Every structure is written in C-alpha cells, then in structure tokens.
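J.: Okay, here's the structure, questions in a sec.
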Amino acid sequence: MRSPQHIVAEDHLGAGISLKPDHLDDIFALPEQPLPPNNLWFEVHTENYFVAGGPRLNYLRAIRENFNISFHGVGGSLGSDHKTMAAHTRQVKALIDEFQPALVSEHAVWSKSDGKYFADLMPLPRTEDALQFLIDGIDCYQSGIGRSILIENPSNYLDFISDMDEPQFLVEAANRSGCGLIIDINNLYISSKNTGINALNYLSQIPAELVGEIHIAGHDPDPTLGQSLLIDSHASAVAPSVWKLLEQALVLFGNKPVLVERDANIPSFTELMSERQTAQNYLDQCALKTSSNVSYKEVTR
C-alpha cells in the first residue's frame, strides 16, 4: 500500500463551482474572499486549457490570482489505452506547474481504444485484470505529473457481473496506487436507481481518509425510459435526494471540499452561487457538529 499525497482536503477549501466563461464578469466583480473555511474555489476541465496562449489562459491566470482552482481531467482514460498517456500528462503537468491547483483529479473509467477517443466516461468491468489496468493508468498519470490525483466513481447505467463491488474496486485501486478518491454523490445516486445498489452501504465501505473531494450535480430522466433510467446530465439543479445523500456522506467522511457541477443549461451566476451556498451550509453544519463533538469530549474527560 502506498501513502497518498495531495489528497487530504485543504482546510481553507469550502464549496466550489464549475468555472464557466459565461460567468467571468460576475467572478471578477466578486468581493475579496471570506475567511476560511468558506473560501470559494473553481474547478476547470484540464483539457480545455491545452492551448499555447490566448484569452482562455489569460482569464484563468486572472482568476487564479484570487481563487483556488482544481484541475479535473476528462480525457485521461486511466482504465485503457495508455499508449498516449505520456503526451497527455506532459500538457497536464505544464498547467499544474503554472497554476498550482489545490486538487488534481481524473475518472476511474475508460474512453480510448486502439487510439480512438470516444468522448465518453465508460465504467470499467470490475475484474482483477481491469483493476490492474486502472492501477497502471493511475501510476502512469501520477508519474507524469509528479503528484497524486483523485479518481472519481462513474455513473452506471447497466448492472453487470463483476469480481468485486465498486467500493472495493475503487478502494483497492487507491490503496495500491497512492491516489485518493472523489465521491460523486450524483453518480452514486444515479447508479443506485439504475442498477439497484444501496447508496448508503456503498458510502460506508469508503474510508474517510481516502476521500479528497465530493461532487454533486443535477441529473435528468431518459427521454424515452423516464425515471427508470437516470442520466448524468449536469444540466439541471441538484435534486433534493442528492442533497440528502450529500448530508449523509458528510456525516461519514467529515468536512471535505464539495463541488457543485454544471456543464449544460448554464444558469445565471446568482443561481449557481445559490446552490453553492446550500452546499456551503451543509459543510458549515458538518463543521459545527464536529466542533461540538470535540468540545463535549474535552468537557467529559
């Protein structure tokens, strides 16, 4: 087992939101950051900044002067086709070296085969062979960028026969590679409804010390199958059931950075920040309960 690095949540990170060009003017108009642990931060999709220069990098530099950021990759394909990994991670490392993100993450999925990229995040078969391939991919990625990453649980749309359950699969990958985990609550909720897994049992199998970040997002019913198949759309507000599952996750994991994701049907900055404030409220409640428990133990010693 390797010792994870860079996966423990920074104490000064609160709830964050996806960085969208639509909101740049609003972001630049924000007042100075409040005191920790309420600090706003922004997640960027790393591959969107694989450019040599220009306005995209310039506005990211301006934001980084005042806010923490995280890099969240969508093209690493950790679970398959590692032949192009070195070229990919060179670009990621260049961005990391310049912007010094608080967190770096990828998905525990596959999206490439025989050099072809499918622009999708497809779950891996949870077999011993697939586990080793994922670990090899994480090793390649971490070696290429010079630091540990977080890997995110996928959305599942079909159930399939596996050698192990998903929590066991992810925890084993983390322990054997030295990475940490993002627990995407929306993905877990979708998987629970689509495949019948027990979400709370899933969360209970994840060691809190491996969790470096939590994601929440919106989902939508399939246009044809309706509520019997939920789609990880990131195109709507966070559902009440996902907020409830977030609250339960924070009880288990403690205070972790929470990201509100939105990638389609982008709302106004005010609306997105309202959702972010709801997430921050859950974190504040978690911190208050933790503080109260510590104080109670000290009094009763």
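For the structure tokens, the naming scheme is as follows: chains receive sequential letters (A, B, ...) according to their order of presentation, residues are indexed from 1 within each chain, and ligands are indexed from 1 in presentation order.
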For segment 163-270 of chain A against segment 277-286 of chain A, with a cut-off of 8 Å and counting only C-alpha atoms, what is the closest atom pair and its distance in Å to one decimal for every residue that makes the cut, ordered by chain and number, as a Markdown table?
T.:
| residue | atom | partner | partner_atom | distance |
| --- | --- | --- | --- | --- |
| A:Glu247 | CA | A:Tyr282 | CA | 6.6 |
| A:Leu250 | CA | A:Cys286 | CA | 6.6 |
| A:Val251 | CA | A:Cys286 | CA | 7.0 |
| A:Gly254 | CA | A:Cys286 | CA | 6.7 |
| A:Asn255 | CA | A:Leu283 | CA | 6.1 |
| A:Lys256 | CA | A:Leu283 | CA | 7.7 |
| A:Val258 | CA | A:Ala279 | CA | 6.9 |
| A:Val260 | CA | A:Ala279 | CA | 7.6 |
J.: With C-alpha atoms kept, could you save the residues just selected as a compact mmCIF listing (two decimals), in the first residue's frame?
T.:
# COMPACT_ATOMS: atom_id res chain seq x y z
CA GLU A 247 -25.60 15.23 4.08
CA LEU A 250 -20.53 14.32 5.22
CA VAL A 251 -21.55 12.50 8.40
CA GLY A 254 -16.32 14.71 7.68
CA ASN A 255 -15.67 18.12 6.18
CA LYS A 256 -14.44 17.74 2.56
CA VAL A 258 -17.73 19.97 -2.20
CA VAL A 260 -21.39 21.89 -7.48
J.: Extract, using only C-alpha atoms, all DNA, RNA and protein residues at most 12 Å from Ala208 of chain A, discarding same-chain residues fewer than 6 positions from it, and format them as a list in words.
T.: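 In the requested form, the answer reads Ile7, Val8, Ala9, Val171, Gly180, Leu181, Ile182, Ile183, Ile214, Ala249, Leu250, Val251, Leu252, Phe253, Gly254, Asn255 and Lys256 of chain A.
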J.: Which residue out of A:Asn194, A:Gln168, A:Asn39, A:Asn175 has the minimum interatomic distance to Ile206 of chain A when only C-alpha atoms are used?
T.: A:Gln168
J.: Can you list, as a ChimeraX atom specification, all residues belonging to segment 173-224 of chain A that DSSP tags as helix (DSSP H, G or I)?
T.: /A:173-177,185-195,199-204,208-210
J.: Calculated over only C-alpha atoms, which of the candidates A:Glu209, A:Glu47, A:Glu261, A:Asp159 has the smallest distance to Leu95 of chain A?
T.: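 Closest to Leu95 of chain A, using only C-alpha atoms: A:Glu47.
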J.: Would you give me, as a PyMOL selection string, the residues in segment 44-228 of chain A that DSSP reads as strand (DSSP E or B)?
T.: chain A and resi 44-45+68-72+103-107+109-113+116-123+150-152+180-184+211-216+220-222+226-228
J.: By how many Å are atom CA of Ser236 of chain A and atom CA of His219 of chain A apart?
T.: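 These two atoms are separated by 6.3 Å.
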J.: Mind pulling up the distance from atom CA of Ser268 of chain A to atom CA of His72 of chain A?
T.: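 Taking atom CA of His72 of chain A and atom CA of Ser268 of chain A, their separation equals 22.3 Å.
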J.: Restricting the calculation to only C-alpha atoms, which member of A:Pro223, A:His234, A:Pro154, A:Leu288 is positioned closest to Pro267 of chain A?
T.: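 Answer, going by the shortest atom-to-atom distance: A:His234.
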J.: Determine the nearest neighbour of His215 of chain A from the options A:Asn186, A:Thr127, A:Ser105, A:Gln91, counting only C-alpha atoms.
T.: A:Asn186
J.: With distances taken over only C-alpha atoms, which residue among A:Ile185, A:Tyr157, A:Glu271, A:Leu170 lies nearest Ser228 of chain A?
T.: A:Tyr157
J.: I'd like the interatomic distance between atom CA of Asp129 of chain A and atom CA of Ala86 of chain A, to a tenth of an Å.
T.: 21.8 Å
J.: Do a neighbour search on Arg61 of chain A at 10 Å with only C-alpha atoms, toss out local chain neighbours closer than 5 positions, and write the hits as a ChimeraX atom specification.
T.: /A:55-56,66-67,98-99
J.: For Phe169 of chain A, which residue among A:Gln205, A:Ser274, A:Ser143, A:Thr195 is the nearest when counting only C-alpha atoms?
T.: A:Gln205
J.: Name all residues at most 7 Å from segment 239-242 of chain A (count only C-alpha atoms; drop same-chain ones fewer than 2 positions away) and give them as a VMD selection string.
T.: chain A and resid 185 to 186 189 218 237 244 to 246
J.: Contacts of segment 19-29 of chain A at 7 Å or less, counting only C-alpha atoms, minus same-chain residues fewer than 2 places along, as a list in words?
T.: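 Contacts, in chain order: Ile17, Pro31, Phe42, Glu43, Val44 and Phe269 of chain A.
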